[in-house]
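Here is my_file04.txt, consisting of compact mmCIF, C-alpha atoms:
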# COMPACT_ATOMS: atom_id res chain seq x y z
CA ARG P 1 -13.90 6.64 -2.59
CA ASN P 2 -12.99 10.21 -1.76
CA CYS P 3 -11.94 11.43 -5.19
CA GLY P 4 -13.83 14.64 -5.92
CA ARG P 5 -15.25 14.78 -2.40
CA ILE P 6 -12.25 16.09 -0.46
CA ASP P 7 -9.34 18.44 -0.94
CA PRO P 8 -6.47 15.95 -1.37
CA GLU P 9 -4.02 18.49 0.05
CA ASN P 10 -5.96 18.86 3.31
CA ILE P 11 -5.58 15.96 5.74
CA ASP P 12 -8.42 17.30 7.91
CA GLU P 13 -10.91 16.67 5.14
CA TYR P 14 -9.73 13.07 4.76
CA ILE P 15 -10.08 12.58 8.51
CA ALA P 16 -13.57 14.13 8.41
CA TYR P 17 -14.61 11.37 6.00
CA GLY P 18 -13.37 8.61 8.29
CA GLY P 19 -9.74 8.77 7.31
CA TYR P 20 -7.20 6.98 9.51
CA GLU P 21 -9.95 5.29 11.53
CA ALA P 22 -8.80 1.98 10.08
CA LEU P 23 -5.20 2.60 11.12
CA GLY P 24 -6.31 3.53 14.62
CA LYS P 25 -8.42 0.38 14.80
CA VAL P 26 -5.64 -2.00 13.79
CA LEU P 27 -3.12 -0.41 16.16
CA THR P 28 -5.40 -0.42 19.20
CA GLU P 29 -7.80 -3.32 18.68
CA MET P 30 -6.19 -5.86 16.36
CA GLU P 31 -3.15 -8.11 16.27
CA PRO P 32 -1.19 -8.38 13.00
CA GLU P 33 -2.64 -11.82 12.33
CA ASP P 34 -6.16 -10.39 12.78
CA VAL P 35 -5.46 -7.79 10.09
CA ILE P 36 -4.19 -10.42 7.66
CA LYS P 37 -7.19 -12.64 8.33
CA THR P 38 -9.54 -9.72 7.65
CA ILE P 39 -7.90 -9.04 4.29
CA LYS P 40 -7.97 -12.73 3.41
CA ASP P 41 -11.63 -13.04 4.40
CA SER P 42 -12.53 -10.07 2.21
CA GLY P 43 -11.34 -11.91 -0.89
CA LEU P 44 -9.44 -8.83 -2.11
CA ARG P 45 -7.20 -9.68 -5.04
CA GLY P 46 -4.44 -7.67 -6.67
CA ARG P 47 -5.86 -4.94 -8.91
CA GLY P 48 -2.68 -4.52 -10.90
CA GLY P 49 -3.67 -7.37 -13.19
CA GLY P 50 -2.23 -10.42 -11.42
CA GLY P 51 -5.26 -11.04 -9.24
CA PHE P 52 -3.22 -12.72 -6.48
CA PRO P 53 -5.01 -12.74 -3.08
CA ALA P 54 -3.66 -9.76 -1.15
CA GLY P 55 -4.05 -11.37 2.27
CA VAL P 56 -2.10 -14.46 1.22
CA LYS P 57 0.77 -12.28 0.00
CA TRP P 58 0.80 -10.44 3.32
CA GLN P 59 0.79 -13.70 5.25
CA PHE P 60 3.81 -15.01 3.36
CA ALA P 61 5.79 -11.90 4.31
CA ALA P 62 4.58 -11.91 7.91
CA GLU P 63 5.82 -15.47 8.36
CA GLN P 64 9.41 -14.52 7.53
CA GLN P 65 11.42 -14.22 10.74
CA VAL P 66 13.81 -11.40 9.88
CA LYS P 67 14.45 -7.92 11.22
CA GLU P 68 13.92 -5.89 8.02
CA LYS P 69 10.83 -6.02 5.82
CA TYR P 70 9.40 -3.57 3.31
CA VAL P 71 6.04 -2.44 1.96
CA CYS P 72 5.98 -1.18 -1.63
CA CYS P 73 3.28 0.50 -3.67
CA ASN P 74 3.32 0.10 -7.44
CA ALA P 75 2.21 3.43 -8.90
CA ASP P 76 4.24 3.12 -12.09
CA GLU P 77 1.21 2.55 -14.34
CA GLY P 78 3.01 2.50 -17.68
CA ASP P 79 0.04 1.45 -19.81
CA PRO P 80 -0.80 4.13 -22.41
CA GLY P 81 -3.82 6.16 -21.37
CA ALA P 82 -4.15 4.47 -17.98
CA PHE P 83 -5.53 6.73 -15.27
CA MET P 84 -6.61 4.49 -12.35
CA ASP P 85 -3.58 4.86 -10.08
CA ARG P 86 -3.10 8.48 -11.04
CA SER P 87 -6.69 9.38 -10.15
CA VAL P 88 -6.36 7.82 -6.69
CA LEU P 89 -3.03 9.48 -5.92
CA GLU P 90 -4.27 12.85 -7.14
CA GLY P 91 -7.67 12.66 -5.44
CA ASP P 92 -7.24 10.48 -2.34
CA PRO P 93 -3.53 10.05 -1.49
CA HIS P 94 -4.07 9.49 2.23
CA ALA P 95 -5.97 6.27 1.49
CA VAL P 96 -2.77 4.77 0.09
CA ILE P 97 -0.65 6.08 2.96
CA GLU P 98 -3.07 4.67 5.54
CA ALA P 99 -3.19 1.32 3.76
CA MET P 100 0.59 1.03 3.59
CA ALA P 101 0.89 1.76 7.31
CA ILE P 102 -1.68 -0.97 7.98
CA ALA P 103 0.29 -3.35 5.78
CA GLY P 104 3.47 -2.46 7.65
CA TYR P 105 1.83 -3.31 10.96
CA ALA P 106 0.48 -6.57 9.55
CA ILE P 107 3.80 -7.93 8.27
CA GLY P 108 6.19 -6.29 10.75
CA SER P 109 7.69 -3.59 8.54
CA ASP P 110 8.70 -0.06 9.47
CA GLN P 111 9.49 1.30 6.00
CA GLY P 112 7.48 1.73 2.81
CA PHE P 113 8.23 3.00 -0.68
CA VAL P 114 5.84 4.39 -3.27
CA TYR P 115 7.20 3.98 -6.79
CA VAL P 116 5.54 6.65 -8.95
CA ARG P 117 5.93 7.61 -12.59
CA ALA P 118 7.81 10.89 -12.88
CA GLU P 119 5.30 11.82 -15.61
CA TYR P 120 2.65 12.20 -12.88
CA PRO P 121 3.81 15.51 -11.33
CA ILE P 122 0.48 16.39 -9.71
CA ALA P 123 0.21 12.93 -8.15
CA VAL P 124 3.77 13.20 -6.85
CA GLN P 125 3.13 16.68 -5.45
CA ARG P 126 -0.06 15.71 -3.64
CA LEU P 127 1.43 12.47 -2.31
CA THR P 128 4.43 14.40 -1.01
CA ILE P 129 2.15 16.89 0.76
CA ALA P 130 0.04 14.07 2.19
CA ILE P 131 3.09 12.26 3.58
CA GLU P 132 4.35 15.45 5.23
CA GLN P 133 0.93 16.10 6.77
CA ALA P 134 0.68 12.52 8.03
CA ARG P 135 4.05 12.91 9.74
CA GLU P 136 2.94 16.18 11.35
CA TYR P 137 -0.18 14.47 12.71
CA GLY P 138 1.76 11.53 14.12
CA LEU P 139 0.30 9.11 11.57
CA LEU P 140 3.75 8.27 10.20
CA GLY P 141 7.05 8.20 12.03
CA ASP P 142 8.59 6.64 15.12
CA ASN P 143 5.46 6.56 17.31
CA VAL P 144 2.34 6.30 15.18
CA LEU P 145 -0.74 7.48 17.11
CA GLY P 146 1.25 7.12 20.32
CA THR P 147 1.19 3.32 20.11
CA GLY P 148 4.92 2.73 19.71
CA PHE P 149 4.45 1.45 16.18
CA LYS P 150 7.08 2.78 13.77
CA PHE P 151 6.42 3.27 10.07
CA ASP P 152 7.49 5.81 7.48
CA LEU P 153 7.21 6.30 3.72
CA ASP P 154 9.46 7.52 0.94
CA ILE P 155 8.73 8.24 -2.73
CA ARG P 156 10.82 6.90 -5.59
CA LEU P 157 10.32 8.26 -9.10
CA GLY P 158 10.32 6.01 -12.14
CA ALA P 159 12.07 7.24 -15.28
CA GLY P 160 9.48 5.96 -17.73
CA ALA P 161 10.64 2.36 -18.19
CA PHE P 162 7.57 0.23 -18.90
CA VAL P 163 9.28 -2.88 -17.52
CA CYS P 164 9.47 -1.30 -14.05
CA GLY P 165 5.77 -1.97 -13.65
CA GLU P 166 6.81 -5.59 -13.05
CA GLU P 167 7.34 -6.10 -9.33
CA THR P 168 10.90 -7.42 -9.31
CA ALA P 169 12.08 -4.85 -11.87
CA LEU P 170 10.45 -2.13 -9.77
CA MET P 171 12.35 -3.27 -6.68
CA THR P 172 15.60 -3.44 -8.62
CA SER P 173 15.00 0.15 -9.75
CA ILE P 174 14.35 1.33 -6.17
CA GLU P 175 17.70 -0.21 -5.22
CA GLY P 176 19.36 2.11 -7.74
CA ASN P 177 20.03 -0.46 -10.43
CA ARG P 178 18.81 -0.97 -13.98
CA GLY P 179 15.17 -2.03 -13.77
CA GLU P 180 15.35 -5.61 -14.96
CA PRO P 181 13.09 -8.47 -13.80
CA ARG P 182 14.48 -11.17 -11.55
CA LEU P 183 13.79 -14.86 -11.77
CA LYS P 184 11.18 -16.25 -9.35
CA PRO P 185 11.32 -18.03 -6.96
CA PRO P 186 12.34 -16.67 -4.54
CA PHE P 187 9.24 -14.50 -4.52
CA PRO P 188 9.37 -10.94 -3.14
CA ALA P 189 7.46 -11.91 0.02
CA VAL P 190 10.49 -14.06 0.88
CA GLU P 191 13.32 -12.15 -0.80
CA GLY P 192 12.42 -8.81 -2.33
CA LEU P 193 13.69 -5.26 -1.90
CA PHE P 194 17.32 -5.21 -0.73
CA GLY P 195 17.03 -8.99 -0.39
CA GLU P 196 14.46 -8.72 2.40
CA PRO P 197 10.81 -9.88 2.57
CA THR P 198 8.67 -7.37 0.69
CA ILE P 199 5.03 -6.99 -0.21
CA LEU P 200 4.15 -4.95 -3.26
CA ASN P 201 0.58 -3.94 -4.02
CA ASN P 202 -1.00 -1.80 -6.70
CA VAL P 203 -2.42 1.64 -5.79
CA GLU P 204 -5.99 0.52 -6.40
CA THR P 205 -5.52 -2.61 -4.29
CA LEU P 206 -4.21 -0.58 -1.36
CA SER P 207 -6.93 2.04 -1.59
CA ASN P 208 -9.49 -0.64 -0.71
CA ILE P 209 -7.75 -1.67 2.52
CA PRO P 210 -9.00 1.05 4.94
CA GLN P 211 -12.68 0.47 4.19
CA ILE P 212 -12.25 -3.29 4.49
CA ILE P 213 -10.84 -2.76 7.99
CA THR P 214 -13.51 -0.29 9.12
CA LYS P 215 -16.53 -1.97 7.53
CA GLY P 216 -15.42 -5.58 7.95
CA PRO P 217 -14.65 -8.21 5.29
CA GLU P 218 -18.28 -9.23 4.89
CA SER P 219 -19.36 -5.71 3.92
CA VAL P 220 -17.35 -5.50 0.69
CA SER P 221 -18.14 -7.14 -2.61
CA TYR P 222 -14.96 -9.20 -2.92
CA THR P 223 -16.30 -11.70 -0.38
CA HIS P 224 -19.42 -12.32 -2.44
CA LEU P 225 -17.36 -12.67 -5.60
CA ARG P 226 -15.15 -15.18 -3.87
CA ALA P 227 -18.16 -17.20 -2.69
CA HIS P 228 -19.55 -17.15 -6.22
CA GLU P 229 -16.26 -18.43 -7.62
CA THR P 230 -16.20 -21.39 -5.25

Write the structure described by the file as structure tokens, please.
Amino acid sequence: RNCGRIDPENIDEYIAYGGYEALGKVLTEMEPEDVIKTIKDSGLRGRGGGGFPAGVKWQFAAEQQVKEKYVCCNADEGDPGAFMDRSVLEGDPHAVIEAMAIAGYAIGSDQGFVYVRAEYPIAVQRLTIAIEQAREYGLLGDNVLGTGFKFDLDIRLGAGAFVCGEETALMTSIEGNRGEPRLKPPFPAVEGLFGEPTILNNVETLSNIPQIITKGPESVSYTHLRAHET
């Protein structure tokens, strides 16, 4: 929503357009289950092609009673000529960062990974700058917005393997192994990255999260699509 409207390397411009309001709202006004319900009520489905309900995926991970959980962003985008994820990361990187922090709060995770194609140098550069700025502003780290919530992000670069766009192969690659798909079940929300519950969403899916939180699930089109389908 902010591509072409803001300087992606200036966090103040993102904040001026309502950036990080959603994160502040969930940390001060909402319980994790409220966040998940909001995403479920919106009808948002995975934009990476699978179309799985995002809120249901988050709920599966939230229900797992373990200490470590992870949030992953699939920015591999190996399809020839594809530009959706790249355009978001180059033009509005903070939207993805904010969404991943919200996801971390919702499922009980304190660590996220963005898996990006190495062939996207500008996207990697701007995402790196955005993460550093978010840390400086207290929007990532050990005490996000002074609420005691802990969440941080790291970037992992893909080496051009098309198969790593598949979620389990992507996680295997992050672990430092050959990016090969794993058999399912167990699904990543139960046993994913490093064997721990993990949610993995596409860049475009995540970029919708902040406005769903700030505007409410009824204000976005996915709800109406969902009603039409039923």

Return as CSV the residues of region 132-165 of chain P lying at most 8 Å from region 101-125 of chain P, together with the closest atom-to-atom pair for each and the distance in Å to one decimal, counting all atoms listed in the file, with rows in chain order and ascending residue number.
residue,atom,partner,partner_atom,distance
P:Leu140,CA,P:Ala101,CA,7.7
P:Phe149,CA,P:Tyr105,CA,7.5
P:Lys150,CA,P:Asp110,CA,5.4
P:Phe151,CA,P:Asp110,CA,4.1
P:Asp152,CA,P:Gln111,CA,5.2
P:Leu153,CA,P:Gly112,CA,4.7
P:Asp154,CA,P:Phe113,CA,5.0
P:Ile155,CA,P:Val114,CA,4.8
P:Arg156,CA,P:Tyr115,CA,4.8
P:Leu157,CA,P:Val116,CA,5.0
P:Gly158,CA,P:Arg117,CA,4.7
P:Ala159,CA,P:Ala118,CA,6.1
P:Gly160,CA,P:Arg117,CA,6.5

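With all atoms listed in the file as the atoms that count, the minimum distance from Val203 (chain P) to the choices P:Asp85, P:Glu175, P:Glu90, P:Glu136 is reached by P:Asp85.
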
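Of note, CA of Glu191 (chain P) and CA of Met171 (chain P) are spaced 10.7 Å apart.
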
Put the listed atoms of region 95-114 of chain P in a box along x, y and z with 8 Å added on every side and give me the centre and edge lengths in Å to one decimal, as JSON.
{"center_x": 1.8, "center_y": -0.8, "center_z": 3.8, "size_x": 31.5, "size_y": 30.2, "size_z": 30.2}

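Going from CA of Tyr70 (chain P) to CA of Val88 (chain P) covers 21.9 Å.
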
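Interatomic distance, CA of Gly146 (chain P) to CA of Ala22 (chain P): 15.2 Å.
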
Please identify all polymer residues lying at most 8 Å from the point (5.8, -1.0, -10.1) (file coordinates), using only C-alpha atoms, and present the result as a ChimeraX atom specification.
/P:73-77,115-116,164-167,169-171,202

Identify, on the basis of all atoms listed in the file, every residue whose closest approach to Leu145 (chain P) does not exceed 9 Å; exclude the query and any residue fewer than 4 positions from it along the same chain; express the result as a PyMOL selection string.
chain P and resi 23-24+27+137-140+149

Which polymer residues have any atom within 12 Å of an atom of Gln211 (chain P), counting only C-alpha atoms, with same-chain residues fewer than 4 positions away left out, as JSON, numbers by chain?
{"P": [1, 2, 17, 18, 19, 20, 21, 22, 23, 25, 38, 39, 42, 44, 95, 96, 98, 99, 102, 205, 206, 207, 215, 216, 217, 218, 219, 220, 221]}

What would the file look like if the residues just selected were written as a short mmCIF file (atom, residue, chain, number, x, y, z; two decimals), keeping the file's coordinate frame with C-alpha atoms?
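Saved as out_20.cif:
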data_model
loop_
_atom_site.label_atom_id
_atom_site.label_comp_id
_atom_site.auth_asym_id
_atom_site.auth_seq_id
_atom_site.Cartn_x
_atom_site.Cartn_y
_atom_site.Cartn_z
CA ARG P 1 -13.90 6.64 -2.59
CA ASN P 2 -12.99 10.21 -1.76
CA TYR P 17 -14.61 11.37 6.00
CA GLY P 18 -13.37 8.61 8.29
CA GLY P 19 -9.74 8.77 7.31
CA TYR P 20 -7.20 6.98 9.51
CA GLU P 21 -9.95 5.29 11.53
CA ALA P 22 -8.80 1.98 10.08
CA LEU P 23 -5.20 2.60 11.12
CA LYS P 25 -8.42 0.38 14.80
CA THR P 38 -9.54 -9.72 7.65
CA ILE P 39 -7.90 -9.04 4.29
CA SER P 42 -12.53 -10.07 2.21
CA LEU P 44 -9.44 -8.83 -2.11
CA ALA P 95 -5.97 6.27 1.49
CA VAL P 96 -2.77 4.77 0.09
CA GLU P 98 -3.07 4.67 5.54
CA ALA P 99 -3.19 1.32 3.76
CA ILE P 102 -1.68 -0.97 7.98
CA THR P 205 -5.52 -2.61 -4.29
CA LEU P 206 -4.21 -0.58 -1.36
CA SER P 207 -6.93 2.04 -1.59
CA LYS P 215 -16.53 -1.97 7.53
CA GLY P 216 -15.42 -5.58 7.95
CA PRO P 217 -14.65 -8.21 5.29
CA GLU P 218 -18.28 -9.23 4.89
CA SER P 219 -19.36 -5.71 3.92
CA VAL P 220 -17.35 -5.50 0.69
CA SER P 221 -18.14 -7.14 -2.61
#

Taking (15.1, -11.6, -13.8) as a centre in this file's frame and 10 Å as the limit, can you find every polymer residue with an atom that close, using all atoms listed in the file, and give them as a VMD selection string?
chain P and resid 168 to 169 172 179 to 184
